[in-house]
Structures are given as structure tokens and as C-alpha cells.
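Trainee: Following this message is one structure expressed as C-alpha cells.
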Amino acid sequence: MTSPRTTLSLVDTDPAELAVDAIVIGVHSQTTEQEAGSPAGALLLASGAESIAAAFDGKLTETLALLGATGGPGEVIKLATLGTVTAPVVTAVGLGPEPSGAAPAPETLRRAAGAAVRALAGASRVALALPLPDDADAPAALRAVTEGALLGGYRFAGYKTKPQPARREPVAEVLVAVPDAADATAQAEVTRAQAVAGAVRTSRDWVNTAPNELRPPSFAEAVSAAAREAGLGVEVLDEAALAAGGYGGILAVGQGSEAPPRLVKLTYTPEGGGNGKRVALVGKGITFDTGGISIKPAQGMWEMKSDMAGAAAVGAAMLAVAALKPSVAVTGYLPMAENMPSGTSYRPGDVITMYSGKRVEVLNTDAEGRMILADAIARACEDGADYLFETSTLTGGQVIALGKRIAGVMGTPELCERVRAAGDATGEPAWPMPLPDDVRKGMDSEVADISQVNAGMDRAGHMLQGGVFLREFVTDDVAWAHIDIAGPGYHSGEATGYWTKGGTGVPVRTLLHLVDDVAANG
Ligand code: BES
Ligand code: MN
Ligand code: ZN
């Protein structure tokens with residue numbers, strides 16, 4: 001099930017003369033001091049809108065204010081141009097207060113571009129004339145606008161059997177106004193945005209696919225087919241190969257389902273060996289999480305179709321890696337299983353011999369993510385990773401601690417800081433959390449090497465228990481970071497900015513930023 005794609009290109013001609021269905025400009029809300037004596041009240045046009053404003057004879061802000069524009073973030077106001085400019089519609093998107101002396105933050109631009117393109121669904125060709133700095137910040141701003149536009153234009157194809165006449169189709173073509181459309185740095189950002197947004201959209205599609213259509217074998221098939229086409233090395237371990245290899249954690253979780261588990265390994269080899277470093281990306285691929293024998297309440301359980309968001313992000317990021325060809329080796333590991341209650345399910349009390357050889361006492365079959373991830377992490381370490389980034393919708397505790405937008409990061413402190421910085425740069429915020437000794441102590445098992453959760457089923461420091469458990473399976477010489485995306489992986493509310501309902505594609509852009517970081521800095 002793939003969503004329709006949006007195309008994007010740069011223009012450097014006068015926005016007032018562009019033959020498009022709508023031209024998007026930015027508006028700032030003014031501070032109270034600026035507001036005093038201004039006829040347009042609280043509104044201020046952002047740079048980029050000059051020629052449009054001139055065509056309106058200085059009446060553009062006033063008219064927009066009359067229509068209710070305030071310049072608040074995410075606000076979209078449309079205005080018929082009645083021949084003043086070539087485009088029949090001007091769309092003003094709110095950017096919030098104008099930062100003093102600086103261009104808007106990249107994330108402000110990313111959200112504004114997303115909100116505008118989303119609001120213009122139904123138009124086939126639109127142009128964005130948003131404020132872009134002309135200094136060293138220019139590439140980051142352009143990256144933000146192009147990503148935001150392509151992601152705001154995302155819509156899941158869905159399953160409706162009848163055509164929906166009232167449903168407006170996503171914008172097909174976006175033009176972005178820049179000072180010099182032939183500039184090589186700007187062109188490189190467009191190429192990158194297309195690959196990156198393409199990956200985010202693919203990961204959203206996989207998350208939004210109904211869980212009866214995306215079970216471990218078909219998920220593995222979909223990822224492998226896309227990866228082969230992209231030129232990646234692909235290896236799929238089926239249930240027989242997993243059994244032969246001793247992947248006890250993946251097999252235990254998968255054994256309750258008629259759809260058997262998989263471990264997909266995707267390999268990108270840079271030309272000339274790259275910088276000699278090896279990055280491993282690991283993502284949780286639970287195609288549906290009922291909780292298993294420790295079954296979840298029915299309320300909202302359907303959202304657990306998104307429990308493979310980590311694997312979707314890793315698989316999609318690998319597709320972008322294949323296209324962008326960074327100078328570092330990158331391998332993706334996607335353990336996949338369906339966590340079901342049945343006569344063959346694993347049970348609380350089971351002791352599982354994991355791929356690493358460690359024995360784990362199962363206390364709650366709903367803590368299944370760490371079981372499949374532990375095997376994939378151990379395999380990645382065995383394959384010789386230098387840096388290991390793992391991402392998963394691992395704990396409800398992440399949502400309690402940090403909310404729906406900020407991921408939790410645990411692992412090697414230096415690497416956690418790099419993940420935080422990458423999240424900051426990409427608009428996918430992540431916050432470092434500790435791995436305390438007392439939390440590990442609480443997971444001592446009477447009978448095995450470690451319990452899978454706190455033996456007293458104490459949920460204190462719930463997110464940290466996940467991190468502490470996974471640490472047991474990371475080899476000492478590997479720098480690692482566990483990114484818990486239980487909240488940010490799925491957006492249940494109404495669309496906002498470049499986030500649409502459903503899968504968000506978090507943390508695809510963080511992972512790609514980290515790959516670039518390691519390629520450049522080791
Ligand atoms: N997939 C869930 C975590 C989750 C919760 C993701 C909410 C997204 C939104 C995970 O497998 C799970 O069930 N975790 C349990 C762990 C517990 C049994 C130790 C949880 O969070 O309650
Ligand atoms: Mn679970
Ligand atoms: Zn889960």
C-alpha cells in the first residue's frame with residue numbers, strides 16, 4: 001500500500017509571476033511594541049513575500065489581518081489574488097514571532113511548509129516563497145522547507161473501496177523559491193530531501209498498513225523487495241534459520257503466532273570501504289502486540305499495529321542510505337514477530353536461552369520488544385558494529401516520562417548526546433535518560449541470568465528497565481544508544497505541521513543525520 005508521491009524543485013524567478021495554483025508566503029506575529037502604530041495590527045510579512053506584497057499595493061498585510069491572520073505558528077489563511085499576481089491564490093502561513101535579527105528556526109520552517117502543503121491539498125502545483133537566510137544557515141533552512149513540504153503532502157492510500165469525491169488529493173508538485181536555483185548546495189539539499197522524505201513516507205506507509213496485511217513474513221518480504229531494488233545486500237532469516245542459529249528471544253515471542261518470525265539484515269557497503277567505521281541500526285518489528293498471554297486491555301489495542309515503527313524506520317532509513325551513499329558502512333537489523341496469545345505462546349515463567357547465550361526469565365509476555373531486540377543487538381555486535389543505534393516502541397513508561405513528542409535515549413553517554421543533537425537538528429527531539437544500578441538490581445532473577453522485567457512487577461523507572469535490559473546484550477567495545485519512541489512513533493491526534501495522522505516516520509531523519517555524523521566525524 002503506497003501513498004501518492006509529491007515532486008519538488010527549486011525556482012529563482014519572481015514568485016509574483018509563477019504559474020502555480022497557489023503561492024505560499026510567511027507571516028510573523030508581531031510583538032506588542034512592534035504592533036503599536038502598525039495598521040496591520042499584529043501581522044508582519046516574512047521575507048520572500050516582497051514582490052507579492054508589492055503587487056498588492058501595500059495592502060497585503062491589512063487584507064490578511066482582515067481575514068483573521070495573526071501569524072501564529074501553523075495558521076494557514078488563503079486569499080484570492082484577483083489578478084494581482086499570476087497565482088490565483090496566496091496562502092499565508094504563520095511563523096510565530098520574528099526572531100530578532102535571525103531567520104526562523106529550521107523546525108518552524110519545516111512545520112510551516114508542512115502545514116501549508118497539507119492545507120493546499122486539491123491544488124496540483126504550489127510554490128513556497130518562505131524566508132530563507134542567505135548565510136551559513138541557508139542549507140539547514142532549505143532542508144527544513146523541502147522536508148516539511150514533502151512530508152506535509154503525505155497521505156496514506158488507505159483501504160476505501162469507493163472513490164472519495166470530497167477528498168482532495170495531496171499536492172502533486174511543489175516549487176521552492178530560492179535566490180539561485182542552480183546553486184549546487186541547494187540542489188544537493190533537494191536531492192537529499194527527496195531521498196529522506198521518501199524514506200519517512202515509506203516508513204509511515206508500513207506503520208499505517210493494517211496488521212492483517214503486515215505480518216512478519218509479508219513485512220520481511222516488503223522490506224527485502226524495496227531493499228533489493230535500492231541495491232542493498234539482503235539476508236532474511238526465516239523460522240528454520242532462526243532456530244538453527246539459536247535466536248531464542250525472537251523465536252519465543254514469535255511462537256504464539258501462525259505467522260512465523262523473521263530477522264531481516266540489510267547491508268550497505270560504501271565504495272572504497274568508507275571511513276572504516278561500521279554503523280548498525282536495529283529496529284523493533286512487532287507487527288502486532290496483543291501482549292500475548294499477559295494480554296493487553298482491548299481499549300486502544302489497535303494502535304499496537306504501530307509496534308513495528310522502529311523496524312519501519314530502520315528499513316526505510318536503509319533505503320535512503322542506499323540512495324545517499326554516505327562514506328560509512330551501515331547495516332540494518334529488523335527482528336520481526338507477532339505477539340499473540342495461543343496454545344503455542346511463550347508464557348510467564350519460561351526461561352529463554354537468547355542468541356547471546358544468556359538466559360532470561362520471562363515474567364510478562366508483554367515485554368516482548370526487548371526479547372527480539374536482544375537477539376538482534378547481540379547479532380549486530382557479533383558482526384562487528386562500532387556504533388549501534390537501536391530504536392523501538394518499547395515502553396509505555398517513555399510516554400509517561402517524556403510525552404508523545406520526545407523520545408527517550410539510553411546508552412553510552414557520548415552517543416546519547418549525539419542522538420540528542422541529531423534530534424535537535426532534525427526536529428525529532430530526544431532526551432538522555434540514565435541506566436541506574438538499582439534498576440538493574442531489581443531485574444535479578446532467582447533462576448536465570450536476568451529477569452525480563454522487574455521481579456516485583458514494579459513499574460517505577462519503567463522506561464529505564466528496557467534500557468538496562470538491552471545493555472546486557474551489547475558487547476563492551478560497542479558504543480550504543482537505545483531510542484524509545486513509544487510516544488513519537490505514532491500520532492493519534494489530528495494532523496499538525498508536517499505530521500499526519502498515524503505513523504510519523506520518527507526517527508528516520510535522526511538515524512540518517514547520525515549516519516552522516518559518523519561518516520563525517522567517525
Ligand atoms: N509495545 C509496547 C509499548 C508501547 C506502549 C508502545 C504504548 C506504544 C505505546 C510494549 O511492548 C509493552 O507492552 N510494554 C509494556 C512493558 C511492561 C509489560 C513491562 C508496557 O509499556 O506496559
Ligand atoms: Mn508489549
Ligand atoms: Zn510491544
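Here's how to read the names in the C-alpha cells: chain A, B, ... by the order shown, residue numbers from 1 in each chain, ligand numbers from 1 in the order shown.
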Within 9 Å of A:Val321, counting only C-alpha atoms, which residues qualify if same-chain residues fewer than 3 places away don't, as number ranges by chain?
Mentor: A: 195-196, 268, 316-318, 324-326, 330, 512, 515
Trainee: Would you write out those residues with C-alpha atoms, as a PDB file, in the first residue's frame?
Mentor:
```pdb
ATOM      1  CA  ALA A 195      15.502  10.548  -0.543  1.00  0.00           C
ATOM      2  CA  VAL A 196      14.906  11.391   3.120  1.00  0.00           C
ATOM      3  CA  TYR A 268      25.108  -1.045   2.692  1.00  0.00           C
ATOM      4  CA  ALA A 316      13.279   2.972   5.391  1.00  0.00           C
ATOM      5  CA  ALA A 317      16.447   4.732   6.594  1.00  0.00           C
ATOM      6  CA  MET A 318      18.478   1.972   4.906  1.00  0.00           C
ATOM      7  CA  LEU A 324      22.597   8.915  -0.487  1.00  0.00           C
ATOM      8  CA  LYS A 325      25.728   6.727  -0.364  1.00  0.00           C
ATOM      9  CA  PRO A 326      27.431   8.003   2.805  1.00  0.00           C
ATOM     10  CA  VAL A 330      25.715   0.738   7.579  1.00  0.00           C
ATOM     11  CA  LEU A 512      20.150   9.491   8.725  1.00  0.00           C
ATOM     12  CA  VAL A 515      24.885   8.192   9.779  1.00  0.00           C
TER      13      VAL A 515
END
```
Trainee: Using only C-alpha atoms and all ligand atoms, which protein or nucleic acid residues are at most 7 Å from ligand 3, as JSON, numbers by chain?
Mentor: {"A": [286, 289, 307, 366, 367, 368, 369, 393, 394]}
Trainee: Would you write out, as CSV, a table of all residues in chain A that have an atom no more than 9 Å from an atom of ligand 1, listing for each the closest atom pair and the distance in Å to one decimal, considering only C-alpha atoms and all ligand atoms and ordering rows by chain and rising residue number?
Mentor:
```
residue,atom,partner,partner_atom_place_in_ligand_line,distance
A:Ile286,CA,ligand 1,1 (N),7.8
A:Phe288,CA,ligand 1,1 (N),8.6
A:Asp289,CA,ligand 1,1 (N),6.1
A:Thr290,CA,ligand 1,13 (O),8.1
A:Gly291,CA,ligand 1,13 (O),5.9
A:Ser294,CA,ligand 1,18 (C),7.9
A:Lys296,CA,ligand 1,13 (O),7.6
A:Glu303,CA,ligand 1,9 (C),7.6
A:Met304,CA,ligand 1,1 (N),6.4
A:Ser306,CA,ligand 1,8 (C),7.4
A:Asp307,CA,ligand 1,1 (N),5.3
A:Met308,CA,ligand 1,1 (N),8.7
A:Asn339,CA,ligand 1,11 (O),8.8
A:Leu363,CA,ligand 1,18 (C),8.6
A:Asn364,CA,ligand 1,18 (C),5.6
A:Thr365,CA,ligand 1,18 (C),7.0
A:Asp366,CA,ligand 1,18 (C),4.5
A:Ala367,CA,ligand 1,16 (C),4.4
A:Glu368,CA,ligand 1,11 (O),5.4
A:Gly369,CA,ligand 1,11 (O),5.2
A:Arg370,CA,ligand 1,11 (O),8.0
A:Ser392,CA,ligand 1,6 (C),8.2
A:Thr393,CA,ligand 1,6 (C),4.5
A:Leu394,CA,ligand 1,3 (C),4.6
A:Thr395,CA,ligand 1,21 (O),3.6
A:Gly396,CA,ligand 1,21 (O),3.5
A:Gly397,CA,ligand 1,21 (O),5.7
A:Gln398,CA,ligand 1,21 (O),7.9
A:Val399,CA,ligand 1,7 (C),7.2
A:Gln452,CA,ligand 1,19 (C),8.0
A:Val453,CA,ligand 1,19 (C),5.7
A:Asn454,CA,ligand 1,19 (C),7.8
A:Met457,CA,ligand 1,19 (C),7.5
A:Asp458,CA,ligand 1,19 (C),8.7
A:Arg459,CA,ligand 1,19 (C),7.1
A:His462,CA,ligand 1,19 (C),6.9
A:Met463,CA,ligand 1,21 (O),7.8
A:Gln465,CA,ligand 1,19 (C),8.0
A:Gly466,CA,ligand 1,19 (C),7.9
A:Asp484,CA,ligand 1,6 (C),8.9
A:Ile485,CA,ligand 1,8 (C),7.5
A:Ala486,CA,ligand 1,8 (C),3.9
A:Gly487,CA,ligand 1,9 (C),6.0
A:Pro488,CA,ligand 1,8 (C),8.8
A:Gly489,CA,ligand 1,8 (C),7.8
A:Tyr490,CA,ligand 1,8 (C),7.8
```
Trainee: Write out as a PyMOL selection string the residues lying within 8 Å of A:Arg215, counting only C-alpha atoms and excluding same-chain residues fewer than 2 positions away.
Mentor: chain A and resi 211-213+217-219+259+287-288+337-338
Trainee: Which value, in Å to one decimal, gives the distance between atom CA of A:Thr412 and atom CA of A:Thr391?
Mentor: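 Straight-line distance from atom CA of A:Thr412 to atom CA of A:Thr391 works out to 14.5 Å.
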Trainee: Leaving out A:Ala19 and any residue of its chain fewer than 3 positions from it, which residues lie within 12 Å of it when counting only C-alpha atoms, given as a ChimeraX atom specification?
Mentor: /A:11,13-16,22-23,83,85-89,124-127,174-175
Trainee: Kindly give the distance, in Å, that separates atom CA of A:Pro261 and atom CA of A:Ser203, rounded to a single decimal.
Mentor: 19.7 Å
Trainee: When DSSP works through the backbone of this structure, what residues of stretch 315-429 of chain A end up as helix (DSSP H, G or I), shown as a PyMOL selection string?
Mentor: chain A and resi 315-324+369-382+396-402+413-426
Trainee: Write out as a ChimeraX atom specification each polymer residue whose atoms come within 12 Å of stretch 59-62 of chain A, counting only C-alpha atoms; drop sequence neighbours fewer than 6 positions from it.
Mentor: /A:25-30,38-46,49-53,68-71,77-81,84-85,90-92
Trainee: Just to be explicit: take each residue in the selection above, keep N, CA, C and O atoms, and write the result as a CSV table (one decimal), in the first residue's frame.
Mentor:
```csv
chain,number,residue,atom,x,y,z
A,25,ILE,N,3.3,32.3,1.3
A,25,ILE,CA,4.3,33.2,1.9
A,25,ILE,C,4.2,33.1,3.4
A,25,ILE,O,3.3,32.5,3.9
A,26,GLY,N,5.2,33.6,4.1
A,26,GLY,CA,5.2,33.5,5.6
A,26,GLY,C,4.7,34.8,6.2
A,26,GLY,O,5.0,35.9,5.7
A,27,VAL,N,4.0,34.7,7.3
A,27,VAL,CA,3.7,35.9,8.1
A,27,VAL,C,4.1,35.6,9.6
A,27,VAL,O,3.9,34.5,10.1
A,28,HIS,N,4.6,36.7,10.2
A,28,HIS,CA,5.0,36.6,11.6
A,28,HIS,C,4.0,37.3,12.4
A,28,HIS,O,3.3,38.3,12.0
A,29,SER,N,3.8,36.9,13.7
A,29,SER,CA,3.0,37.7,14.6
A,29,SER,C,4.0,38.7,15.2
A,29,SER,O,5.1,38.4,15.4
A,30,GLN,N,3.5,39.9,15.4
A,30,GLN,CA,4.3,41.0,16.0
A,30,GLN,C,4.3,41.0,17.5
A,30,GLN,O,3.4,40.5,18.1
A,38,SER,N,1.1,50.1,14.0
A,38,SER,CA,1.1,49.3,12.7
A,38,SER,C,-0.4,49.2,12.3
A,38,SER,O,-1.2,48.7,13.0
A,39,PRO,N,-0.7,49.5,11.0
A,39,PRO,CA,-2.1,49.4,10.5
A,39,PRO,C,-2.5,48.0,10.4
A,39,PRO,O,-3.7,47.7,10.6
A,40,ALA,N,-1.6,47.1,10.3
A,40,ALA,CA,-2.0,45.7,10.1
A,40,ALA,C,-2.1,44.9,11.4
A,40,ALA,O,-2.2,43.7,11.5
A,41,GLY,N,-2.1,45.7,12.5
A,41,GLY,CA,-2.3,45.0,13.8
A,41,GLY,C,-1.1,44.2,14.1
A,41,GLY,O,0.0,44.6,14.0
A,42,ALA,N,-1.4,42.9,14.4
A,42,ALA,CA,-0.3,42.1,14.9
A,42,ALA,C,0.5,41.4,13.8
A,42,ALA,O,1.3,40.5,14.1
A,43,LEU,N,0.3,41.7,12.6
A,43,LEU,CA,0.9,40.9,11.5
A,43,LEU,C,2.1,41.6,10.8
A,43,LEU,O,2.1,42.8,10.7
A,44,LEU,N,3.1,40.7,10.5
A,44,LEU,CA,4.3,41.2,9.8
A,44,LEU,C,4.6,40.2,8.7
A,44,LEU,O,4.7,39.0,8.9
A,45,LEU,N,4.8,40.7,7.4
A,45,LEU,CA,5.2,39.8,6.4
A,45,LEU,C,6.6,39.3,6.5
A,45,LEU,O,7.5,40.1,6.9
A,46,ALA,N,6.8,38.0,6.2
A,46,ALA,CA,8.2,37.5,6.3
A,46,ALA,C,8.9,37.8,5.0
A,46,ALA,O,8.3,38.1,4.0
A,49,ALA,N,8.3,37.5,0.6
A,49,ALA,CA,6.9,37.9,0.2
A,49,ALA,C,7.0,39.2,-0.5
A,49,ALA,O,5.9,39.8,-0.9
A,50,GLU,N,8.2,39.8,-0.7
A,50,GLU,CA,8.2,41.2,-1.1
A,50,GLU,C,7.5,41.5,-2.4
A,50,GLU,O,6.7,42.5,-2.5
A,51,SER,N,7.7,40.7,-3.4
A,51,SER,CA,7.1,41.0,-4.7
A,51,SER,C,5.6,40.8,-4.7
A,51,SER,O,4.8,41.5,-5.4
A,52,ILE,N,5.1,39.9,-3.9
A,52,ILE,CA,3.7,39.6,-3.7
A,52,ILE,C,3.1,40.9,-3.0
A,52,ILE,O,2.0,41.4,-3.4
A,53,ALA,N,3.8,41.3,-2.0
A,53,ALA,CA,3.3,42.5,-1.2
A,53,ALA,C,3.2,43.7,-2.2
A,53,ALA,O,2.2,44.5,-2.1
A,68,GLY,N,-8.4,37.5,9.4
A,68,GLY,CA,-8.2,36.8,10.6
A,68,GLY,C,-6.8,36.3,10.9
A,68,GLY,O,-6.5,35.7,11.9
A,69,ALA,N,-5.8,36.6,9.9
A,69,ALA,CA,-4.5,36.1,10.1
A,69,ALA,C,-3.8,36.8,11.3
A,69,ALA,O,-4.0,38.0,11.6
A,70,THR,N,-3.1,36.0,12.1
A,70,THR,CA,-2.4,36.6,13.3
A,70,THR,C,-0.9,36.2,13.2
A,70,THR,O,-0.1,36.7,14.0
A,71,GLY,N,-0.5,35.3,12.3
A,71,GLY,CA,0.9,34.9,12.2
A,71,GLY,C,1.2,33.8,13.2
A,71,GLY,O,2.4,33.5,13.3
A,77,ILE,N,-3.9,30.9,6.1
A,77,ILE,CA,-5.0,31.8,5.6
A,77,ILE,C,-4.9,31.9,4.1
A,77,ILE,O,-3.8,32.2,3.6
A,78,LYS,N,-6.0,31.6,3.3
A,78,LYS,CA,-5.9,31.7,1.9
A,78,LYS,C,-6.6,33.0,1.4
A,78,LYS,O,-7.7,33.3,1.9
A,79,LEU,N,-6.1,33.5,0.3
A,79,LEU,CA,-6.6,34.8,-0.2
A,79,LEU,C,-6.6,34.7,-1.7
A,79,LEU,O,-5.6,34.4,-2.3
A,80,ALA,N,-7.8,35.1,-2.3
A,80,ALA,CA,-7.9,35.1,-3.8
A,80,ALA,C,-7.1,36.3,-4.3
A,80,ALA,O,-7.2,37.4,-3.7
A,81,THR,N,-6.3,36.2,-5.3
A,81,THR,CA,-5.4,37.3,-5.7
A,81,THR,C,-6.1,38.2,-6.8
A,81,THR,O,-5.6,39.3,-7.0
A,84,THR,N,-3.8,40.2,-9.3
A,84,THR,CA,-2.7,41.0,-8.8
A,84,THR,C,-1.4,40.3,-9.1
A,84,THR,O,-0.4,40.9,-9.4
A,85,VAL,N,-1.3,39.0,-8.9
A,85,VAL,CA,-0.2,38.1,-9.2
A,85,VAL,C,-0.6,37.0,-10.1
A,85,VAL,O,-1.9,36.8,-10.2
A,90,VAL,N,-3.1,33.3,-2.8
A,90,VAL,CA,-1.9,33.5,-2.0
A,90,VAL,C,-2.3,32.8,-0.7
A,90,VAL,O,-3.4,32.9,-0.1
A,91,THR,N,-1.4,32.0,-0.1
A,91,THR,CA,-1.6,31.3,1.1
A,91,THR,C,-0.6,31.8,2.1
A,91,THR,O,0.6,31.7,1.9
A,92,ALA,N,-1.1,32.4,3.2
A,92,ALA,CA,-0.1,32.9,4.2
A,92,ALA,C,0.0,31.9,5.4
A,92,ALA,O,-1.1,31.5,5.9
```
Trainee: Determine which residues of stretch 82-311 of chain A receive a DSSP assignment of strand (DSSP E or B), computed from the backbone, and state them as an NGL selection string.
Mentor: :A and (89-97 or 121 or 123 or 125-129 or 173-177 or 233-237 or 262-268 or 278-283 or 285-289)
Trainee: When you look at stretch 149-164 of chain A with a cut-off of 6 Å (counting only C-alpha atoms), what residues show up, excluding the ones that are within fewer than 3 positions of it in the same chain? I need them as a PyMOL selection string.
Mentor: chain A and resi 3+113-114+117-118+146+167+170+498
Trainee: Okay, now the selection with N, CA and C atoms, as an mmCIF file, in the first residue's frame?
Mentor:
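Saved the output as part.cif:
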```cif
data_model
loop_
_atom_site.group_PDB
_atom_site.id
_atom_site.type_symbol
_atom_site.label_atom_id
_atom_site.label_comp_id
_atom_site.auth_asym_id
_atom_site.auth_seq_id
_atom_site.Cartn_x
_atom_site.Cartn_y
_atom_site.Cartn_z
ATOM 1 N N SER A 3 1.581 5.407 -0.715
ATOM 2 C CA SER A 3 0.908 6.696 -0.820
ATOM 3 C C SER A 3 1.375 7.408 -2.088
ATOM 4 N N ALA A 113 5.977 24.814 6.282
ATOM 5 C CA ALA A 113 5.908 24.251 4.928
ATOM 6 C C ALA A 113 4.952 23.061 4.924
ATOM 7 N N GLY A 114 5.029 22.232 5.952
ATOM 8 C CA GLY A 114 4.145 21.065 6.042
ATOM 9 C C GLY A 114 2.693 21.473 6.161
ATOM 10 N N VAL A 117 1.398 22.993 2.726
ATOM 11 C CA VAL A 117 1.192 22.000 1.662
ATOM 12 C C VAL A 117 -0.004 21.096 2.008
ATOM 13 N N ARG A 118 -0.146 20.789 3.286
ATOM 14 C CA ARG A 118 -1.276 19.962 3.719
ATOM 15 C C ARG A 118 -2.602 20.692 3.476
ATOM 16 N N THR A 146 12.112 21.915 2.415
ATOM 17 C CA THR A 146 11.860 20.833 1.461
ATOM 18 C C THR A 146 11.316 19.587 2.167
ATOM 19 N N ARG A 167 -12.703 14.054 -1.042
ATOM 20 C CA ARG A 167 -11.334 14.029 -0.560
ATOM 21 C C ARG A 167 -10.414 14.709 -1.577
ATOM 22 N N PRO A 170 -3.529 15.025 -2.415
ATOM 23 C CA PRO A 170 -2.340 15.766 -1.976
ATOM 24 C C PRO A 170 -1.703 16.532 -3.142
ATOM 25 N N TYR A 498 3.996 19.083 9.725
ATOM 26 C CA TYR A 498 4.259 18.045 8.714
ATOM 27 C C TYR A 498 3.925 16.656 9.247
#
```
Trainee: Go through A:Ala378, A:Ile293, A:Val190, A:Leu142 and flag the residue nearest ligand 2, using only C-alpha atoms and all ligand atoms for the distances.
Mentor: A:Ile293
Trainee: Please determine, counting only C-alpha atoms, which residue among A:Met340, A:Leu132, A:Val447, A:Leu388 has the shortest atom-to-atom distance to A:Asp476.
Mentor: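 Among the listed residues, the smallest separation from A:Asp476 belongs to A:Leu388.
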Trainee: Grab the atom CA of A:Arg347 to atom CA of A:Lys305 distance for me, in Å with one decimal place.
Mentor: 21.6 Å
Trainee: Within 7 Å of A:Ala112, counting only C-alpha atoms, which residues show up once you throw out same-chain ones fewer than 4 positions away? Write them as a PyMOL selection string, please.
Mentor: chain A and resi 74+93-95+108+116+497
Trainee: Please dump the current selection as a short mmCIF file (atom, residue, chain, number, x, y, z; two decimals), in the first residue's frame; keep N, CA and C atoms.
Mentor:
```cif
data_model
loop_
_atom_site.label_atom_id
_atom_site.label_comp_id
_atom_site.auth_asym_id
_atom_site.auth_seq_id
_atom_site.Cartn_x
_atom_site.Cartn_y
_atom_site.Cartn_z
N GLY A 74 1.56 27.59 12.47
CA GLY A 74 0.64 26.60 11.93
C GLY A 74 -0.62 27.19 11.32
N VAL A 93 1.17 31.49 5.65
CA VAL A 93 1.35 30.51 6.72
C VAL A 93 2.05 31.20 7.90
N GLY A 94 1.52 30.96 9.10
CA GLY A 94 2.04 31.61 10.30
C GLY A 94 3.39 31.04 10.72
N LEU A 95 4.30 31.94 11.12
CA LEU A 95 5.64 31.52 11.57
C LEU A 95 5.90 31.93 13.02
N THR A 108 10.63 25.60 12.69
CA THR A 108 9.49 26.48 12.42
C THR A 108 9.16 26.44 10.92
N ALA A 116 1.28 24.29 5.26
CA ALA A 116 0.79 24.94 4.04
C ALA A 116 0.47 23.91 2.96
N GLY A 497 1.36 20.59 11.47
CA GLY A 497 2.64 20.79 10.81
C GLY A 497 2.84 19.76 9.71
#
```
Trainee: A:Ala448, A:Ala455, A:Val253, A:Leu470: which is nearest ligand 2, counting only C-alpha atoms and all ligand atoms?
Mentor: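 Looking at the shortest contact to ligand 2, the residue is A:Val253.
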Trainee: So, with only C-alpha atoms as the atoms that count, which of A:Pro179, A:Ala329, A:Ser345, A:Gly274 lies closest to A:Gly48?
Mentor: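 For A:Gly48, the nearest of the candidates is A:Pro179.
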